[in-house]
file coords33.txt (compact mmCIF, C-alpha atoms)
# COMPACT_ATOMS: atom_id res chain seq x y z
CA MET A 1 58.22 -104.52 26.11
CA GLY A 2 54.72 -105.93 26.39
CA PRO A 3 51.37 -104.18 26.82
CA PRO A 4 51.07 -101.26 29.25
CA ALA A 5 49.73 -101.98 32.71
CA THR A 6 46.06 -101.10 33.06
CA GLY A 7 45.50 -101.68 36.79
CA ARG A 8 41.88 -102.61 37.41
CA SER A 9 40.61 -101.12 34.16
CA LEU A 10 39.31 -103.32 31.37
CA ILE A 11 39.36 -102.90 27.62
CA LEU A 12 35.97 -104.08 26.38
CA THR A 13 34.14 -104.36 23.10
CA LEU A 14 30.72 -102.65 23.05
CA SER A 15 29.03 -106.06 23.15
CA GLN A 16 31.06 -107.06 26.22
CA ALA A 17 30.27 -103.74 27.90
CA LEU A 18 26.55 -104.15 27.20
CA HIS A 19 26.39 -107.56 28.85
CA LYS A 20 28.65 -106.51 31.73
CA ARG A 21 26.63 -103.40 32.61
CA GLY A 22 24.21 -105.15 34.98
CA SER A 23 21.11 -103.00 35.57
CA ALA A 24 22.66 -99.82 34.14
CA GLY A 25 20.45 -98.31 31.46
CA GLU A 26 17.26 -99.93 32.69
CA PRO A 27 14.40 -97.38 32.89
CA ILE A 28 12.69 -96.70 36.22
CA PRO A 29 8.94 -97.49 35.80
CA THR A 30 7.53 -94.03 36.57
CA SER A 31 4.00 -94.78 35.21
CA LEU A 32 4.04 -91.31 33.63
CA LYS A 33 3.09 -92.19 30.05
CA ALA A 34 3.24 -88.58 28.84
CA LEU A 35 6.95 -88.50 29.70
CA HIS A 36 7.56 -91.79 27.94
CA ASP A 37 5.71 -90.53 24.86
CA LEU A 38 8.08 -87.56 24.86
CA GLY A 39 11.01 -89.99 24.84
CA VAL A 40 12.04 -89.26 28.43
CA HIS A 41 13.14 -92.09 30.72
CA ILE A 42 14.79 -92.12 34.14
CA ARG A 43 17.50 -94.74 33.68
CA ARG A 44 19.71 -96.56 36.13
CA GLY A 45 23.38 -95.62 36.01
CA GLN A 46 22.62 -92.16 34.65
CA LEU A 47 22.38 -88.62 36.02
CA HIS A 48 19.17 -86.62 35.66
CA LEU A 49 18.46 -83.02 36.60
CA ILE A 50 15.01 -81.51 37.26
CA ALA A 51 15.00 -77.70 37.41
CA ALA A 52 12.17 -75.30 38.21
CA GLY A 53 11.26 -72.19 40.17
CA PRO A 54 10.15 -72.30 43.83
CA GLY A 55 6.84 -74.10 44.37
CA THR A 56 6.55 -75.18 40.75
CA GLY A 57 6.51 -78.90 41.51
CA LYS A 58 10.00 -80.35 41.22
CA SER A 59 9.83 -81.99 44.67
CA ALA A 60 6.31 -83.21 43.89
CA LEU A 61 7.52 -84.79 40.65
CA ALA A 62 10.49 -86.46 42.35
CA LEU A 63 8.25 -87.81 45.12
CA ASN A 64 5.72 -89.15 42.61
CA ILE A 65 8.48 -90.87 40.65
CA ALA A 66 9.80 -92.46 43.86
CA ILE A 67 6.36 -93.65 44.99
CA LYS A 68 4.97 -94.72 41.61
CA SER A 69 8.10 -96.57 40.53
CA ALA A 70 8.05 -98.75 43.68
CA VAL A 71 11.79 -99.37 43.34
CA PRO A 72 14.33 -99.23 46.20
CA THR A 73 14.95 -95.51 46.70
CA TYR A 74 17.22 -93.36 48.85
CA TYR A 75 15.88 -89.82 49.15
CA PHE A 76 18.15 -87.04 50.48
CA SER A 77 15.57 -84.46 51.55
CA ALA A 78 17.79 -81.50 52.46
CA ASP A 79 15.20 -78.94 51.35
CA SER A 80 12.20 -80.35 53.26
CA ASP A 81 11.93 -81.74 56.80
CA ALA A 82 10.42 -85.05 57.90
CA PHE A 83 7.05 -83.53 58.80
CA THR A 84 6.66 -81.97 55.36
CA GLN A 85 7.60 -85.17 53.54
CA TYR A 86 5.30 -87.25 55.76
CA VAL A 87 2.38 -84.96 54.92
CA ARG A 88 3.17 -84.96 51.20
CA SER A 89 3.64 -88.74 51.01
CA ALA A 90 0.54 -89.50 53.06
CA ALA A 91 -1.55 -87.23 50.85
CA ASN A 92 -0.16 -88.90 47.73
CA ILE A 93 -0.92 -92.47 48.75
CA SER A 94 -4.26 -91.77 50.45
CA GLY A 95 -5.84 -89.18 48.16
CA TRP A 96 -6.43 -86.93 51.18
CA THR A 97 -5.48 -83.28 50.98
CA THR A 98 -2.37 -82.13 52.80
CA ALA A 99 -4.63 -80.07 55.09
CA GLN A 100 -6.58 -83.20 56.03
CA VAL A 101 -3.36 -85.11 56.70
CA GLU A 102 -2.05 -82.32 58.94
CA GLU A 103 -5.34 -82.31 60.87
CA ALA A 104 -5.09 -86.08 61.37
CA ILE A 105 -1.53 -85.68 62.69
CA GLU A 106 -2.67 -83.00 65.15
CA GLN A 107 -5.41 -85.36 66.36
CA GLN A 108 -2.92 -88.28 66.51
CA ARG A 109 -4.92 -90.29 64.00
CA THR A 110 -2.15 -91.42 61.68
CA GLU A 111 -2.92 -95.15 61.61
CA ALA A 112 -4.51 -94.71 58.20
CA PHE A 113 -1.15 -93.64 56.79
CA ASP A 114 1.56 -95.27 58.89
CA LYS A 115 1.38 -98.80 57.49
CA SER A 116 1.14 -97.67 53.87
CA LEU A 117 4.09 -95.32 54.34
CA ALA A 118 6.11 -98.06 56.04
CA ASP A 119 5.48 -100.30 53.02
CA LEU A 120 7.07 -97.78 50.66
CA ASP A 121 10.55 -98.88 49.58
CA ILE A 122 12.02 -95.44 50.33
CA ARG A 123 14.68 -94.55 52.90
CA TRP A 124 15.20 -90.94 53.91
CA ASN A 125 18.02 -88.63 54.98
CA PHE A 126 16.89 -85.26 56.39
CA ASP A 127 20.25 -83.61 56.96
CA ALA A 128 19.76 -79.98 55.86
CA SER A 129 23.27 -79.74 54.44
CA PRO A 130 24.77 -83.18 53.73
CA ASP A 131 28.35 -83.29 52.52
CA LEU A 132 29.68 -85.64 49.87
CA ASP A 133 31.20 -88.07 52.38
CA GLU A 134 27.89 -88.36 54.20
CA ILE A 135 26.05 -89.05 50.96
CA GLU A 136 28.54 -91.76 49.94
CA GLN A 137 28.66 -93.36 53.39
CA SER A 138 24.85 -93.36 53.69
CA LEU A 139 24.52 -95.10 50.34
CA LYS A 140 27.25 -97.62 51.22
CA ALA A 141 25.50 -98.41 54.52
CA TYR A 142 22.23 -98.89 52.61
CA ALA A 143 23.98 -101.10 50.04
CA MET A 144 25.42 -103.37 52.73
CA ILE A 145 21.87 -104.29 53.75
CA TYR A 146 19.77 -103.94 50.61
CA GLY A 147 22.16 -103.55 47.67
CA TRP A 148 22.49 -100.28 45.77
CA PRO A 149 19.21 -98.39 45.47
CA ALA A 150 17.62 -98.23 42.04
CA LEU A 151 16.85 -94.52 42.53
CA VAL A 152 18.66 -91.76 44.44
CA VAL A 153 17.09 -88.31 44.80
CA ILE A 154 19.06 -85.23 45.92
CA ASP A 155 16.56 -82.52 46.92
CA ASN A 156 18.21 -80.24 46.14
CA VAL A 157 21.76 -80.04 44.85
CA THR A 158 22.47 -76.51 46.12
CA ASN A 159 21.91 -77.75 49.69
CA VAL A 160 24.84 -80.15 49.40
CA SER A 161 27.89 -78.96 51.34
CA ALA A 162 30.95 -79.26 49.10
CA PRO A 163 33.45 -76.47 49.82
CA GLU A 164 36.16 -78.60 48.23
CA MET A 165 34.46 -78.03 44.87
CA GLY A 166 35.07 -74.29 45.02
CA GLU A 167 32.43 -71.66 44.33
CA GLY A 168 30.09 -70.50 41.58
CA HIS A 169 29.28 -72.20 38.31
CA ALA A 170 32.42 -74.32 38.29
CA ALA A 171 31.51 -75.79 41.69
CA LEU A 172 28.04 -76.80 40.49
CA ASP A 173 29.59 -78.39 37.43
CA GLU A 174 31.98 -80.37 39.65
CA LEU A 175 29.07 -81.46 41.83
CA CYS A 176 27.26 -82.76 38.77
CA ALA A 177 30.42 -84.64 37.78
CA PHE A 178 30.55 -86.22 41.26
CA PHE A 179 26.93 -87.41 41.03
CA HIS A 180 27.43 -88.58 37.46
CA ASP A 181 30.29 -90.76 38.66
CA LEU A 182 28.15 -91.93 41.60
CA ALA A 183 25.40 -93.04 39.22
CA ARG A 184 27.91 -94.88 37.04
CA ARG A 185 29.57 -96.64 40.01
CA THR A 186 26.38 -97.70 41.78
CA GLY A 187 24.08 -98.34 38.85
CA SER A 188 21.51 -96.07 40.51
CA ALA A 189 19.37 -93.57 38.65
CA VAL A 190 20.46 -90.31 40.32
CA VAL A 191 18.02 -87.39 40.17
CA LEU A 192 19.18 -83.92 41.20
CA LEU A 193 16.66 -81.17 41.89
CA HIS A 194 17.88 -77.67 41.06
CA HIS A 195 16.88 -74.02 40.68
CA VAL A 196 16.48 -71.77 37.65
CA THR A 197 17.52 -68.19 36.99
CA GLY A 198 15.46 -65.20 38.11
CA PRO A 199 13.36 -64.55 34.99
CA TYR A 200 11.92 -68.09 35.20
CA ASN A 201 11.22 -68.28 38.93
CA ASP A 202 7.51 -67.54 38.50
CA GLY A 203 7.04 -70.93 36.83
CA VAL A 204 4.53 -69.78 34.22
CA ASN A 205 6.66 -69.93 31.06
CA PRO A 206 8.67 -72.71 29.43
CA ILE A 207 12.23 -72.77 30.76
CA PRO A 208 15.06 -73.30 28.26
CA LEU A 209 18.30 -75.12 28.91
CA SER A 210 19.96 -71.71 29.31
CA GLY A 211 17.57 -70.86 32.17
CA ILE A 212 19.08 -73.38 34.58
CA LYS A 213 20.97 -71.79 37.44
CA GLY A 214 24.72 -72.16 37.06
CA GLN A 215 24.50 -73.37 33.46
CA VAL A 216 25.05 -76.96 34.60
CA GLY A 217 23.94 -78.58 31.37
CA ARG A 218 27.16 -80.32 30.39
CA VAL A 219 27.14 -83.48 32.52
CA PRO A 220 23.60 -84.87 33.09
CA GLU A 221 22.22 -87.29 30.51
CA VAL A 222 18.69 -85.90 30.98
CA ILE A 223 17.59 -82.39 31.99
CA LEU A 224 13.93 -81.54 32.56
CA THR A 225 12.51 -78.10 33.32
CA LEU A 226 9.05 -77.53 34.78
CA HIS A 227 6.42 -74.83 34.47
CA ARG A 228 2.72 -74.68 35.37
CA GLY A 229 -0.43 -74.51 33.27
CA GLY A 230 -4.17 -74.36 33.87
CA THR A 231 -6.17 -72.67 36.61
CA GLU A 232 -7.80 -73.52 39.93
CA PHE A 233 -11.16 -73.86 38.15
CA GLU A 234 -10.17 -75.88 35.07
CA GLY A 235 -7.45 -77.87 36.86
CA TYR A 236 -3.69 -77.53 36.91
CA ASP A 237 -1.17 -79.29 34.77
CA LEU A 238 2.56 -79.64 35.25
CA ARG A 239 4.46 -79.09 32.02
CA VAL A 240 7.73 -80.96 31.69
CA SER A 241 10.20 -79.83 29.02
CA ASN A 242 12.94 -82.19 27.83
CA VAL A 243 15.67 -79.60 27.27
CA LYS A 244 18.42 -82.25 27.17
CA ASN A 245 18.05 -85.95 26.45
CA ARG A 246 21.03 -87.98 25.28
CA GLY A 247 18.83 -91.02 24.72
CA GLY A 248 16.18 -89.35 22.58
CA LYS A 249 14.66 -86.15 21.28
CA ALA A 250 15.22 -82.87 23.09
CA ASP A 251 14.32 -79.22 22.61
CA ALA A 252 16.67 -76.80 24.36
CA SER A 253 14.11 -73.98 24.00
CA GLY A 254 11.74 -75.64 26.49
CA PHE A 255 8.74 -75.25 24.19
CA THR A 256 8.37 -79.00 23.67
CA PHE A 257 6.79 -80.41 26.80
CA ALA A 258 4.60 -83.14 28.28
CA ARG A 259 1.46 -82.22 30.18
CA LEU A 260 0.91 -84.07 33.45
CA GLN A 261 -2.25 -83.75 35.51
CA TRP A 262 -1.35 -82.14 38.84
CA GLN A 263 -3.31 -81.97 42.07
CA PRO A 264 -0.94 -79.98 44.33
CA GLU A 265 -3.26 -80.18 47.35
CA ARG A 266 -2.98 -83.99 47.17
CA MET A 267 0.61 -84.13 45.88
CA GLN A 268 -0.55 -86.32 43.05
CA ILE A 269 0.79 -86.20 39.49
CA ILE A 270 -0.80 -88.36 36.81
CA GLY A 271 0.57 -88.79 33.32

call {"tool": "encode", "arguments": {"input": "coords33.txt", "output": "structure tokens"}}
result
Amino acid sequence: MGPPATGRSLILTLSQALHKRGSAGEPIPTSLKALHDLGVHIRRGQLHLIAAGPGTGKSALALNIAIKSAVPTYYFSADSDAFTQYVRSAANISGWTTAQVEEAIEQQRTEAFDKSLADLDIRWNFDASPDLDEIEQSLKAYAMIYGWPALVVIDNVTNVSAPEMGEGHAALDELCAFFHDLARRTGSAVVLLHHVTGPYNDGVNPIPLSGIKGQVGRVPEVILTLHRGGTEFEGYDLRVSNVKNRGGKADASGFTFARLQWQPERMQIIG
């Protein structure tokens, strides 16, 4: 009768799969040593989720990863408009405060930032509610010119319009499955930003895996939760807990974390 038809699928040994994978599995160079020391890496071809309360720093961390890594990046900024991201990015690369950047914009003195921002290898989509087709088509259009991006950021996943996924926890789980498949197909490191449940919205205590909104812990390879430490006088730090990490150590309680220096007024995170 012969072997069954397999279509386009391939049956590979692990050695064959390793050498066929291309860039999948390669870590993005975030320059955040404290994360690396914790065993956390943002890898191409994998899905990552960063969860925190409002204003805790998840967008700041994603932006710092995109800027510091200097890899081709596509950033879907559904949660923040172009003005906000311009101010944040300009503050990050210049060391100015966001207030100083906003004042320069009002006075039409943006030459100090424009060239440096243009040199960043980041492309942006500011649709407030992108659907899955738009996300795929945008990435395909990018790939036709530049190849697949090394990093894709979705800020944040609850802004994505996907009525076909249904509602509630199951819908979020299906969304994660979609982006997991997207990472696998494109070889991009996909980073989703997400919310946490009510008791953890103040951002002052470690957030466990169970504190993520919608309990979407099944699919992503890496899940990080964020809370704040320090004071205005002694300096702030951003505390990053590795509550899930298929490639290394993890602590679902959230009480194992890396401390990153954080200057929110300059949108700078140093590890």

call {"tool": "residues_around", "arguments": {"input": "coords33.txt", "residues": "Gly53 (chain A)", "least_positions_apart": "2", "cutoff": "8 Å", "atoms": "all atoms listed in the file", "output": "VMD selection string"}}
result
chain A and resid 51 55 to 56 195 to 196 200 to 203 226 to 227

call {"tool": "closest_atom_pairs", "arguments": {"input": "coords33.txt", "of": "region 85-134 of chain A", "to": "region 172-193 of chain A", "cutoff": "12 Å", "atoms": "only C-alpha atoms", "output": "CSV"}}
result
residue,atom,partner,partner_atom,distance
A:Asp131,CA,A:Leu175,CA,10.9
A:Leu132,CA,A:Phe178,CA,8.7
A:Asp133,CA,A:Phe178,CA,11.3

call {"tool": "closest_residue", "arguments": {"input": "coords33.txt", "among": "A:Gly211, A:Gly95, A:Pro54, A:Gly248", "to": "Glu265 (chain A)", "atoms": "all atoms listed in the file"}}
result
A:Gly95

call {"tool": "closest_residue", "arguments": {"input": "coords33.txt", "among": "A:Asp79, A:Glu221, A:Asp155, A:Glu167", "to": "Gln46 (chain A)", "atoms": "only C-alpha atoms"}}
result
A:Glu221

call {"tool": "residues_around", "arguments": {"input": "coords33.txt", "residues": "Leu117 (chain A)", "least_positions_apart": "6", "cutoff": "10 Å", "atoms": "all atoms listed in the file", "output": "list in words"}}
result
Ile67, Tyr86, Ser89, Ala90, Ile93 and Ser94 of chain A

call {"tool": "write_last_selection", "arguments": {"input": "coords33.txt", "atoms": "C-alpha atoms", "output": "compact mmCIF listing (two decimals), in the frame of the given file"}}
result
# COMPACT_ATOMS: atom_id res chain seq x y z
CA ILE A 67 6.36 -93.65 44.99
CA TYR A 86 5.30 -87.25 55.76
CA SER A 89 3.64 -88.74 51.01
CA ALA A 90 0.54 -89.50 53.06
CA ILE A 93 -0.92 -92.47 48.75
CA SER A 94 -4.26 -91.77 50.45

call {"tool": "atom_distance", "arguments": {"input": "coords33.txt", "atom1": "CA of Arg246 (chain A)", "atom2": "CA of Val222 (chain A)"}}
result
6.5 Å
